[in-house]
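Okay, so here's the structure we're looking at.
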2 protein chains.
Amino acid sequence: VSRLSEDDLIATLFAPIAGPGGFGLRDDAAIVAHAPDEELVVTVDALVSGVHFFPDDPPDAIAAKALGVNLSDLAAKAAQPTGFLLSLALPANWTAEWLEVFARGLREEADRQACPLLGGDTVKTTGPLTLSVTAFGTVPRGRMLPRTGARPGDAIYVSGTIGDSALGLQLLLPHDTGSLGAVLAAGLDAELQEALRQRYLRPQPRLALRAALQAHADGGMDVSDGLVGDVTKMLKASGTAGRVDLSCIPLSDAGRKATALDARALSIVVTGGDDYEILAAIPRARASEFEKMAERAGVPVTRIGNVLDGTTAPVFHDAEGRTVTFDRGSFSHF
Amino acid sequence: VSRLSEDDLIATLFAPIAGPGGFGLRDDAAIVAHAPDEELVVTVDALVSGVHFFPDDPPDAIAAKALGVNLSDLAAKAAQPTGFLLSLALPANWTAEWLEVFARGLREEADRQACPLLGGDTVKTTGPLTLSVTAFGTVPRGRMLPRTGARPGDAIYVSGTIGDSALGLQLLLPHDTGSLGAVLAAGLDAELQEALRQRYLRPQPRLALRAALQAHADGGMDVSDGLVGDVTKMLKASGTAGRVDLSCIPLSDAGRKATALDARALSIVVTGGDDYEILAAIPRARASEFEKMAERAGVPVTRIGNVLDGTTAPVFHDAEGRTVTFDRGSFSHF
């Protein structure tokens, strides 16, 4: 395998992804453009091989995930993505083949989301592959959806289905006899298993929900560290209490079967993380309009609870109203 | 040593550095503000422990360097820094003491440059400490100084002195008998050695040169990968040729003594990297005005050569006009 220099590498693989303002990646900096009546929203997320993804994950999936987790943050702020920067620390054993597939995956995701590469930095590391993506988006001035915006009287909504990615991770991790991963591998048919694994590998940021969030939401964030912990974070940041009905949490076919197969699955579903769905607080009076706009956007949304007055931690309860607690509220990568 | 959670860590150490738009680091994203008649310039640079700095460098110097190398890129684009994001991958052996000194160094540099923290991400890594900083700056619309802007007839200028950091690195690296590091350690007095080491440890981005660059420069970039390589890059990107007189390259007292002590020092000076000075192409008719503005800004600038018509690689020559070549044109971290 030939060794490309950093400059060759950038020119060959990454320059074709560059958008206007990226100057073909031939300058030291980029311009991020936006209209005068818009504000620029920025977010950064880092991913480390062996921590946030498996070293042998498909390189195109790693690229799509690095971009996708950042676009999910923008989606939850009701922002329209406009571009990104990539900081890439490569271990000594990188190959041109790996990088080509990585760059292809990055390009596909950037094209699909109309979010071009604007610049980056490539360095070597003695440690694992480490990626840091900075993503840019725009919102009408003053309209970034804040995490702190939930108000008593709001309904709590989540998009899509929760827990698939965390269950997929159980399937991808080595699993001992009797472990949840082993139960799922034995009890779910191959297609459902693959659906769960794909949710872990390839986040689908809910950018389509932007208009509905801008029109109706008081507050929001993305569900990335586990639903229980993220609901707790949003309500704490908003200075509110709340109740969430665990029996309302939307599950996929695979998720429903998994929770029927093994009682341990529910805890993984609600605390496992990597969902990249949207958690939003919607004034109750606007809930049906929000649901209609979400439906027109093709994004399923489900009401799971209520924001309440107070500053106590939110209560999670089952269909009978019994409080449920979890060993750990949130999956933390840290 | 107690183990803080990621959230505690951010709240305690980093939230006090947060500027407006950073929402006290309590949201998933930040707002980067700028005036309607300005454009937003962005740049990202990653640093890996053991590659870009020594693991036992002072934590506050590591923080200042991570921010400083990015501000140097903004300085070379004639941009005014407005804020930054920090992506931090911490190895398992981090300590609260280390992080406190790191955060203090970051805060001091952010305050000094009026460039507040807007957000970030903290993750764990099985490898070395890895930092990625995304820095934001503003320029009047359409006035980012491009790397591609050098024109035949321009004079080539550099700011400050060249090579000190690379010589400082020779002093910091373990040095065998007879090596350049050993010669410098034996031949330079302690104060000069310390001056060289400090240049390596603490880059001083040339932000004060902004007005002079905006008023007079056709093109520019920062000198980070070695002067010879960076001149070559700028002229290639601009589609021009050029000549640089090596005898004109500005040296510090320490640099002059080092090159007098050992003939190997000159090559290190001009190819060694980590200068974080500004390289600029200035129309000859405006050279004296540029020099005056730089002087008023307190930044020494020195004319080192000329941009010429053509697409051949620039020629580096000595005082007698004899062409000098270098084994490697540029120090690459990659």
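Each chain in the structure tokens gets a letter, A, B and so on, in the order shown; residues start at 1 in every chain, and ligands are counted from 1 in the order they appear.
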Using only C-alpha atoms, find the residues of chain A whose closest atom to chain B is at most 6 Å away, then write them as number ranges by chain.
A: 27, 29-32, 36, 40-45, 120-121, 123-124, 127-128, 147, 334
Check the DSSP output for the backbone and give back, as an MDAnalysis selection string, the residues of segment 55-269 of chain B in helix (DSSP H, G or I).
chainID B and resid 59:76 96:112 147:149 164:172 180:187 190:201 207:216 227:238 246:248 253:261 264:269
Saved selection, atoms kept: C-alpha atoms, as a compact mmCIF listing (two decimals), in the first residue's frame:
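Here's the written file selection.txt:
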# COMPACT_ATOMS: atom_id res chain seq x y z
CA PRO B 59 -0.89 21.44 31.29
CA ASP B 60 -1.48 25.20 31.03
CA ALA B 61 1.05 25.37 28.17
CA ILE B 62 -0.72 22.50 26.38
CA ALA B 63 -4.02 24.39 26.69
CA ALA B 64 -2.47 27.64 25.50
CA LYS B 65 -0.86 25.83 22.55
CA ALA B 66 -4.09 24.12 21.50
CA LEU B 67 -5.84 27.48 21.38
CA GLY B 68 -2.81 29.41 20.13
CA VAL B 69 -2.15 27.32 17.02
CA ASN B 70 -5.75 27.90 15.95
CA LEU B 71 -5.64 31.62 16.68
CA SER B 72 -2.49 31.75 14.56
CA ASP B 73 -4.51 30.42 11.63
CA LEU B 74 -7.12 33.12 12.23
CA ALA B 75 -4.40 35.77 12.53
CA ALA B 76 -3.04 34.74 9.13
CA ALA B 96 -8.26 16.51 38.67
CA GLU B 97 -5.02 18.43 39.37
CA TRP B 98 -3.89 18.14 35.74
CA LEU B 99 -7.27 19.25 34.46
CA GLU B 100 -7.45 22.19 36.81
CA VAL B 101 -4.13 23.56 35.57
CA PHE B 102 -5.18 22.83 31.98
CA ALA B 103 -8.48 24.72 32.45
CA ARG B 104 -6.67 27.62 34.10
CA GLY B 105 -4.25 27.87 31.16
CA LEU B 106 -7.14 27.71 28.73
CA ARG B 107 -8.97 30.44 30.58
CA GLU B 108 -5.91 32.71 30.74
CA GLU B 109 -5.30 32.39 27.02
CA ALA B 110 -9.01 32.79 26.19
CA ASP B 111 -9.20 35.93 28.33
CA ARG B 112 -5.97 37.33 26.93
CA ARG B 147 -3.50 31.57 0.85
CA THR B 148 -4.02 31.77 -2.92
CA GLY B 149 -3.68 35.55 -3.20
CA ASP B 164 13.19 29.54 17.63
CA SER B 165 10.53 26.93 18.29
CA ALA B 166 12.30 24.28 16.22
CA LEU B 167 15.57 24.98 18.04
CA GLY B 168 13.68 24.83 21.33
CA LEU B 169 12.38 21.42 20.33
CA GLN B 170 15.97 20.24 19.76
CA LEU B 171 16.70 21.28 23.34
CA LEU B 172 13.61 19.50 24.66
CA LEU B 180 22.45 19.73 17.51
CA GLY B 181 20.54 19.64 20.80
CA ALA B 182 23.74 18.80 22.69
CA VAL B 183 25.67 21.58 20.91
CA LEU B 184 22.96 24.12 21.77
CA ALA B 185 22.70 22.92 25.37
CA ALA B 186 26.46 23.33 25.79
CA GLY B 187 26.92 26.52 23.76
CA ALA B 190 20.56 29.32 30.08
CA GLU B 191 18.41 32.37 29.35
CA LEU B 192 18.61 31.90 25.58
CA GLN B 193 17.86 28.19 25.93
CA GLU B 194 14.79 29.01 27.98
CA ALA B 195 13.65 31.57 25.40
CA LEU B 196 13.83 28.88 22.69
CA ARG B 197 11.96 26.33 24.80
CA GLN B 198 9.22 28.85 25.58
CA ARG B 199 8.72 29.52 21.87
CA TYR B 200 8.05 25.80 21.41
CA LEU B 201 5.76 25.59 24.43
CA LEU B 207 -3.31 38.76 16.02
CA ALA B 208 -1.98 42.31 16.32
CA LEU B 209 -1.04 42.22 12.63
CA ARG B 210 -4.67 41.99 11.51
CA ALA B 211 -5.24 45.60 10.50
CA ALA B 212 -1.98 45.78 8.55
CA LEU B 213 -2.81 42.54 6.71
CA GLN B 214 -6.36 43.65 5.94
CA ALA B 215 -5.14 46.97 4.62
CA HIS B 216 -2.26 45.76 2.49
CA LEU B 227 9.17 28.37 6.45
CA VAL B 228 10.57 26.67 3.33
CA GLY B 229 7.59 24.35 2.99
CA ASP B 230 5.06 27.03 3.81
CA VAL B 231 6.47 29.53 1.30
CA THR B 232 6.35 26.73 -1.26
CA LYS B 233 2.72 25.96 -0.36
CA MET B 234 1.59 29.58 -0.55
CA LEU B 235 3.22 30.23 -3.91
CA LYS B 236 1.99 26.95 -5.36
CA ALA B 237 -1.56 27.67 -4.17
CA SER B 238 -1.26 31.14 -5.74
CA LEU B 246 17.80 33.00 3.34
CA SER B 247 20.18 35.66 4.65
CA CYS B 248 17.17 37.93 5.18
CA ASP B 253 19.54 36.46 19.42
CA ALA B 254 19.30 32.78 20.30
CA GLY B 255 18.72 31.84 16.66
CA ARG B 256 21.74 33.85 15.50
CA LYS B 257 23.98 32.26 18.11
CA ALA B 258 22.64 28.81 17.29
CA THR B 259 23.36 29.18 13.57
CA ALA B 260 26.85 30.49 14.39
CA LEU B 261 27.49 27.53 16.73
CA ARG B 264 23.01 22.27 11.01
CA ALA B 265 20.93 24.87 12.82
CA LEU B 266 20.00 26.86 9.69
CA SER B 267 18.26 23.89 8.11
CA ILE B 268 16.30 23.31 11.33
CA VAL B 269 15.43 27.02 11.47
Based on the backbone DSSP call, show me all residues of segment 66-169 of chain A assigned strand (DSSP E), as a ChimeraX atom specification.
/A:80-91,117-125,130-140,154-159
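Atom CA of Leu13 of chain A is found 26.3 Å from atom CA of Ala150 of chain B.
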Between B:Glu295, B:Glu277, B:Asp56, B:Asp262, single out the one closest to Gly163 of chain B, counting only C-alpha atoms.
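The closest residue to Gly163 of chain B is B:Glu277.
Here atom CA of Ser224 of chain B stands at a distance of 28.1 Å from atom CA of Gly19 of chain B.
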Which of these, B:Phe326, B:Phe14, B:Phe290, B:Phe316, has the shortest distance to Tyr157 of chain B once you count only C-alpha atoms?
B:Phe290
Just to confirm, what's the straight-line distance from atom CA of Gly24 of chain A to atom CA of Gly242 of chain B in Å (one decimal)?
23.2 Å
